[in-house]
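Colleague: My structure is in model.csv, and what it holds is CSV, C-alpha atoms:
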chain,number,residue,atom,x,y,z
A,144,MET,CA,-75.9,-8.4,-57.7
A,145,ASP,CA,-76.2,-4.7,-58.5
A,146,PHE,CA,-75.7,-2.1,-55.7
A,147,VAL,CA,-78.6,0.3,-55.4
A,148,GLY,CA,-79.2,3.4,-53.2
A,149,ARG,CA,-77.0,4.9,-50.6
A,150,GLU,CA,-75.8,7.7,-52.9
A,151,ARG,CA,-75.4,10.2,-50.1
A,152,GLU,CA,-73.3,7.8,-48.0
A,153,LEU,CA,-71.1,6.8,-50.9
A,154,ALA,CA,-70.6,10.5,-51.8
A,155,LEU,CA,-69.4,11.2,-48.2
A,156,LEU,CA,-67.0,8.3,-48.2
A,157,ASN,CA,-65.6,9.2,-51.6
A,158,ALA,CA,-65.1,12.8,-50.7
A,159,HIS,CA,-62.9,11.8,-47.7
A,160,CYS,CA,-60.9,9.4,-49.9
A,161,GLU,CA,-60.2,12.1,-52.4
A,162,GLY,CA,-58.9,14.5,-49.7
A,163,GLU,CA,-55.5,14.6,-48.1
A,164,GLY,CA,-54.4,13.5,-44.7
A,165,PHE,CA,-55.9,11.1,-42.1
A,166,PHE,CA,-59.7,10.5,-41.9
A,167,PHE,CA,-61.6,8.5,-39.4
A,168,VAL,CA,-65.2,7.5,-40.2
A,169,VAL,CA,-67.7,5.7,-38.0
A,170,SER,CA,-70.5,3.7,-39.6
A,171,TYR,CA,-73.3,2.2,-37.5
A,172,GLY,CA,-76.9,1.1,-37.7
A,173,ARG,CA,-79.2,-1.8,-36.9
A,174,ARG,CA,-78.3,-5.3,-38.2
A,175,ARG,CA,-79.1,-6.4,-41.7
A,176,VAL,CA,-79.4,-2.8,-42.9
A,177,GLY,CA,-76.6,-2.9,-45.4
A,178,LYS,CA,-73.5,-1.5,-43.6
A,179,THR,CA,-71.1,-4.2,-44.8
A,180,ARG,CA,-72.5,-4.0,-48.3
A,181,LEU,CA,-72.0,-0.3,-48.4
A,182,ILE,CA,-68.4,-0.6,-47.3
A,183,GLN,CA,-67.7,-3.3,-49.9
A,184,GLU,CA,-69.1,-1.2,-52.6
A,185,TYR,CA,-67.0,1.8,-51.5
A,186,ILE,CA,-63.7,-0.1,-51.4
A,187,LYS,CA,-64.1,-2.3,-54.4
A,188,ASP,CA,-61.9,-0.2,-56.7
A,189,LYS,CA,-59.6,1.3,-54.1
A,190,PRO,CA,-56.5,0.2,-52.2
A,191,ALA,CA,-58.0,-1.2,-49.0
A,192,ILE,CA,-57.5,-3.5,-46.1
A,193,TYR,CA,-60.8,-5.1,-44.9
A,194,PHE,CA,-61.1,-7.0,-41.7
A,195,MET,CA,-64.2,-8.3,-39.9
A,196,GLY,CA,-64.0,-8.9,-36.2
A,197,ILE,CA,-65.1,-12.3,-35.0
A,198,GLU,CA,-66.4,-13.7,-31.7
A,199,ALA,CA,-63.1,-15.3,-30.6
A,200,ASN,CA,-60.1,-14.4,-28.5
A,201,ALA,CA,-57.6,-11.6,-29.2
A,202,GLN,CA,-55.1,-13.9,-30.9
A,203,ALA,CA,-57.6,-15.1,-33.4
A,204,ASN,CA,-58.6,-11.6,-34.3
A,205,LEU,CA,-54.9,-10.5,-34.6
A,206,ALA,CA,-54.2,-13.4,-36.9
A,207,GLY,CA,-57.2,-12.5,-39.1
A,208,MET,CA,-56.2,-8.8,-39.2
A,209,SER,CA,-52.6,-9.8,-40.0
A,210,LEU,CA,-53.7,-11.9,-42.9
A,211,ALA,CA,-55.8,-9.1,-44.3
A,212,LEU,CA,-52.8,-6.7,-44.1
A,213,GLN,CA,-50.5,-9.3,-45.8
A,214,ARG,CA,-53.0,-9.8,-48.6
A,215,SER,CA,-53.0,-6.1,-49.3
A,216,LYS,CA,-49.2,-6.2,-49.6
A,217,LYS,CA,-49.5,-9.4,-51.7
A,218,GLN,CA,-47.6,-11.3,-49.1
A,219,LYS,CA,-48.7,-14.8,-48.1
A,220,GLY,CA,-47.5,-17.4,-45.7
A,221,LEU,CA,-46.0,-15.0,-43.2
A,222,ALA,CA,-46.5,-15.3,-39.5
A,223,ALA,CA,-49.1,-13.1,-37.8
A,224,TYR,CA,-47.9,-9.8,-36.2
A,225,SER,CA,-46.8,-10.2,-32.6
A,226,SER,CA,-49.3,-7.6,-31.4
A,227,PHE,CA,-51.9,-5.1,-32.6
A,228,GLU,CA,-49.4,-2.4,-31.8
A,229,ALA,CA,-46.9,-3.9,-34.2
A,230,LEU,CA,-49.6,-4.3,-36.9
A,231,PHE,CA,-50.7,-0.6,-36.5
A,232,GLU,CA,-47.1,0.5,-36.8
A,233,ALA,CA,-46.8,-1.4,-40.1
A,234,LEU,CA,-50.0,0.2,-41.2
A,235,GLY,CA,-48.6,3.6,-40.4
A,236,GLU,CA,-45.6,2.9,-42.6
A,237,ILE,CA,-47.7,1.7,-45.5
A,238,SER,CA,-50.0,4.8,-45.4
A,239,ALA,CA,-47.3,7.3,-44.8
A,240,ALA,CA,-47.1,8.3,-48.5
A,241,ARG,CA,-50.2,6.9,-50.1
A,242,ARG,CA,-53.9,6.7,-49.5
A,243,ILE,CA,-55.1,3.4,-48.1
A,244,ILE,CA,-58.4,2.5,-46.5
A,245,PHE,CA,-58.4,0.4,-43.3
A,246,VAL,CA,-61.8,-1.1,-42.4
A,247,ILE,CA,-62.6,-2.8,-39.2
A,248,ASP,CA,-66.1,-4.3,-39.6
A,249,GLU,CA,-68.0,-5.8,-36.6
A,250,PHE,CA,-65.7,-3.7,-34.3
A,251,PRO,CA,-67.7,-4.7,-31.1
A,252,TYR,CA,-66.4,-8.3,-31.5
A,253,LEU,CA,-62.8,-7.1,-31.7
A,254,ALA,CA,-63.3,-4.7,-28.7
A,255,ALA,CA,-64.8,-7.5,-26.6
A,256,ALA,CA,-61.8,-9.8,-27.4
A,257,ALA,CA,-59.2,-7.1,-27.0
A,258,PRO,CA,-60.4,-4.4,-24.6
A,259,GLU,CA,-57.3,-2.3,-25.1
A,260,ILE,CA,-58.0,-1.9,-28.8
A,261,SER,CA,-59.8,1.5,-28.4
A,262,SER,CA,-57.0,3.0,-26.4
A,263,LEU,CA,-54.4,1.7,-29.0
A,264,LEU,CA,-56.5,3.3,-31.8
A,265,GLN,CA,-56.6,6.5,-29.8
A,266,ARG,CA,-52.8,6.6,-29.6
A,267,PHE,CA,-52.2,5.9,-33.2
A,268,CYS,CA,-54.9,8.3,-34.4
A,269,ASP,CA,-53.4,11.1,-32.3
A,270,HIS,CA,-49.6,10.5,-32.8
A,271,ILE,CA,-48.9,8.2,-35.8
A,272,TRP,CA,-51.6,8.0,-38.4
A,273,GLN,CA,-52.3,11.8,-38.3
A,274,LYS,CA,-49.0,12.2,-40.3
A,275,GLY,CA,-50.1,9.9,-43.2
A,276,GLN,CA,-52.9,9.2,-45.7
A,277,LEU,CA,-54.8,6.5,-43.8
A,278,HIS,CA,-58.6,6.4,-44.1
A,279,LEU,CA,-59.9,4.5,-41.0
A,280,ILE,CA,-63.5,3.1,-41.0
A,281,LEU,CA,-65.0,1.4,-37.9
A,282,CYS,CA,-68.3,-0.3,-38.4
A,283,GLY,CA,-70.7,-1.9,-35.9
A,284,SER,CA,-74.3,-2.5,-35.0
A,285,THR,CA,-74.8,-2.4,-31.2
A,286,MET,CA,-75.8,0.6,-29.1
A,287,ARG,CA,-72.7,-0.2,-27.0
A,288,PHE,CA,-70.6,0.4,-30.1
A,289,LYS,CA,-72.2,3.8,-30.6
A,290,GLU,CA,-72.4,5.0,-27.0
A,291,ARG,CA,-69.4,3.5,-25.2
A,292,GLN,CA,-66.8,2.1,-27.6
A,293,VAL,CA,-66.5,4.9,-30.2
A,294,LEU,CA,-68.9,7.9,-29.9
A,295,GLY,CA,-69.6,8.2,-26.2
A,296,VAL,CA,-67.7,10.7,-24.0
A,297,LYS,CA,-66.2,7.9,-22.0
A,298,SER,CA,-64.7,6.2,-25.1
A,299,PRO,CA,-60.9,6.8,-25.8
A,300,LEU,CA,-62.0,7.6,-29.4
A,301,PHE,CA,-64.4,10.3,-28.4
A,302,GLY,CA,-64.1,13.5,-30.5
A,303,ARG,CA,-61.6,11.9,-33.0
A,304,ARG,CA,-63.9,10.9,-35.8
A,305,SER,CA,-63.9,13.0,-39.0
A,306,ALA,CA,-67.5,11.9,-39.9
A,307,GLN,CA,-70.1,9.4,-38.9
A,308,ILE,CA,-72.7,7.5,-40.9
A,309,MET,CA,-75.9,6.2,-39.3
A,310,LEU,CA,-77.3,3.8,-41.9
A,311,ASN,CA,-81.1,3.7,-41.8
A,312,PRO,CA,-83.4,1.2,-43.4
A,313,PHE,CA,-84.6,2.0,-46.9
A,314,THR,CA,-87.4,4.4,-47.2
A,315,PHE,CA,-90.4,4.1,-49.6
A,316,LEU,CA,-88.6,6.3,-52.2
A,317,SER,CA,-85.4,4.3,-51.8
A,318,HIS,CA,-87.3,1.2,-52.8
A,319,GLY,CA,-88.2,2.9,-56.0
A,320,VAL,CA,-84.6,2.4,-57.2
A,321,CYS,CA,-85.1,-1.4,-56.8
A,322,SER,CA,-88.6,-1.2,-58.2
A,323,PRO,CA,-88.8,1.5,-60.8
A,324,ASN,CA,-92.5,1.0,-61.7
A,325,PHE,CA,-94.5,3.0,-59.2
A,326,ALA,CA,-97.6,0.9,-59.6
A,327,TRP,CA,-96.1,-2.1,-57.9
A,328,ARG,CA,-93.5,-0.4,-55.7
A,329,MET,CA,-95.7,-0.6,-52.6
A,330,PRO,CA,-96.0,-4.5,-52.2
A,331,PRO,CA,-92.2,-5.2,-51.7
A,332,PHE,CA,-91.9,-2.2,-49.4
A,333,SER,CA,-94.9,-3.1,-47.3
A,334,THR,CA,-93.6,-6.7,-46.8
A,335,MET,CA,-90.0,-5.7,-46.3
A,336,PRO,CA,-89.9,-2.0,-45.1
A,337,ARG,CA,-86.6,-2.5,-43.2
A,338,ALA,CA,-84.8,-4.7,-45.7
A,339,GLY,CA,-81.6,-3.8,-47.4
A,340,SER,CA,-80.9,-4.0,-51.1
A,341,ARG,CA,-80.0,-7.7,-50.8
A,342,ARG,CA,-83.6,-8.8,-50.6
A,343,THR,CA,-85.4,-6.1,-52.5
A,344,SER,CA,-83.1,-6.4,-55.5
A,345,ALA,CA,-84.5,-9.9,-56.0
A,346,ILE,CA,-87.9,-8.3,-56.8
A,347,SER,CA,-87.6,-6.7,-60.3
A,348,SER,CA,-91.1,-7.1,-61.8
A,349,PRO,CA,-94.7,-7.3,-60.7
A,350,ILE,CA,-94.7,-11.0,-61.2
A,351,LYS,CA,-91.6,-11.4,-59.1
A,352,VAL,CA,-93.3,-9.6,-56.2
A,353,GLN,CA,-95.6,-12.6,-55.7
A,354,ARG,CA,-93.1,-15.3,-56.6
A,355,THR,CA,-90.3,-13.8,-54.4
A,356,THR,CA,-91.9,-12.6,-51.2
A,357,SER,CA,-93.5,-16.0,-50.4
A,358,PRO,CA,-90.2,-18.0,-50.5
A,359,LEU,CA,-88.4,-15.2,-48.7
A,360,PHE,CA,-90.7,-15.4,-45.7
A,361,PHE,CA,-92.2,-18.8,-45.6
A,362,CYS,CA,-90.0,-21.2,-47.6
A,363,PRO,CA,-89.4,-24.4,-45.6
A,364,PRO,CA,-87.4,-25.9,-44.0
A,365,ALA,CA,-86.9,-22.9,-41.8
A,366,ALA,CA,-85.3,-20.9,-44.6
A,367,GLY,CA,-87.7,-18.0,-44.7
A,368,CYS,CA,-87.1,-14.7,-42.9
A,369,LEU,CA,-90.0,-15.3,-40.5
A,370,ARG,CA,-88.7,-18.7,-39.6
A,371,SER,CA,-85.0,-17.7,-39.1
A,372,HIS,CA,-85.5,-15.3,-36.2
A,373,PRO,CA,-86.9,-15.7,-32.7
A,374,THR,CA,-90.5,-14.7,-32.3
A,375,CYS,CA,-90.1,-13.1,-28.8
Using the file provided, produce a representation of the structure as structure tokens.
Modeller:
Amino acid sequence: MDFVGRERELALLNAHCEGEGFFFVVSYGRRRVGKTRLIQEYIKDKPAIYFMGIEANAQANLAGMSLALQRSKKQKGLAAYSSFEALFEALGEISAARRIIFVIDEFPYLAAAAPEISSLLQRFCDHIWQKGQLHLILCGSTMRFKERQVLGVKSPLFGRRSAQIMLNPFTFLSHGVCSPNFAWRMPPFSTMPRAGSRRTSAISSPIKVQRTTSPLFFCPPAAGCLRSHPTC
């Protein structure tokens, strides 16, 4: 599936990647707006470690993050790191001389499982990673992520970000990238004004507007968008 839109956000991320030194970017926005898809597009041709937090305990998240780091080093079958601190130390060694991107997606899940993670990140941002070429990206959806865990004045990470990206839903003009013909650009936008590129990219012709929107919203059994979310 082709990636469309988000040129400004990609340009900002690429500008940081091409620079020197440590960079810390925070990406946030409502769910299903395309945050993960944007990050995946950005790192697809770059040296990167991608980890997505899960609703589990700290050990499960540490095991997943360890596996992501081992894959980036083309090492498999090794035991998980003994702690997040040990993992971050290893990350500092890897990024000491070369640019590498470290993404923690769904950061609120990780923070809930390991409440100390923000303080650990604070220490490594201030004292270890500043000396290297790491590009850290934290991504999340909840208001708590924005106000308390990363951007708020009470967060250990307050004031340490290099940039922040608030990802908004596509605008009418943004949908024009998915639907180049202006005459039928309005129907998909009016039915899915807050959708990301994943759904709108399926609509590529006037005929597909009619054929695609109905299954997307009403296709049984409970597969349509209007059937897969609570009504209250």
Colleague: Could you check which of A:Val147, A:Leu281, A:Val293, A:Leu310 is closest to A:Gly177, using all atoms listed in the file?
Modeller: A:Leu310
Colleague: Please provide as a list in words all residues within 12 Å of A:Gly302, with the sequence filter that same-chain residues fewer than 3 positions apart are discarded (counting all atoms listed in the file).
Modeller: Phe167, Val168, Val169, Gln265, Cys268, Asp269, Val293, Leu294, Gly295, Val296, Lys297, Ser298, Pro299, Ser305, Ala306 and Gln307 of chain A
Colleague: What does the structure give for the distance between atom CA of A:Ala255 and atom CA of A:Asn204, in Å to one decimal?
Modeller: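 Distance reported for this atom pair: 10.7 Å.
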Colleague: For atom CA of A:Ala199 and atom CA of A:Ile237, determine how far apart the two atoms are, in Å to one decimal place.
Modeller: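 These atoms are spaced 27.4 Å apart.
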Colleague: Would you mind telling me which residue in A:Arg303, A:Arg175, A:Arg149, A:His278 lies nearest to A:Phe245 when using all atoms listed in the file?
Modeller: A:His278
Colleague: Mind checking which residues fall within 9 Å of stretch 256-258 of chain A, counting only C-alpha atoms, ignoring those fewer than 4 positions away in the same chain, and posting them as a list of chain:residue names?
Modeller: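 Contacts, with the query itself left out: A:Ile197, A:Glu198, A:Ala199, A:Asn200, A:Ala201, A:Gln202, A:Asn204, A:Pro251, A:Tyr252, A:Ser262.
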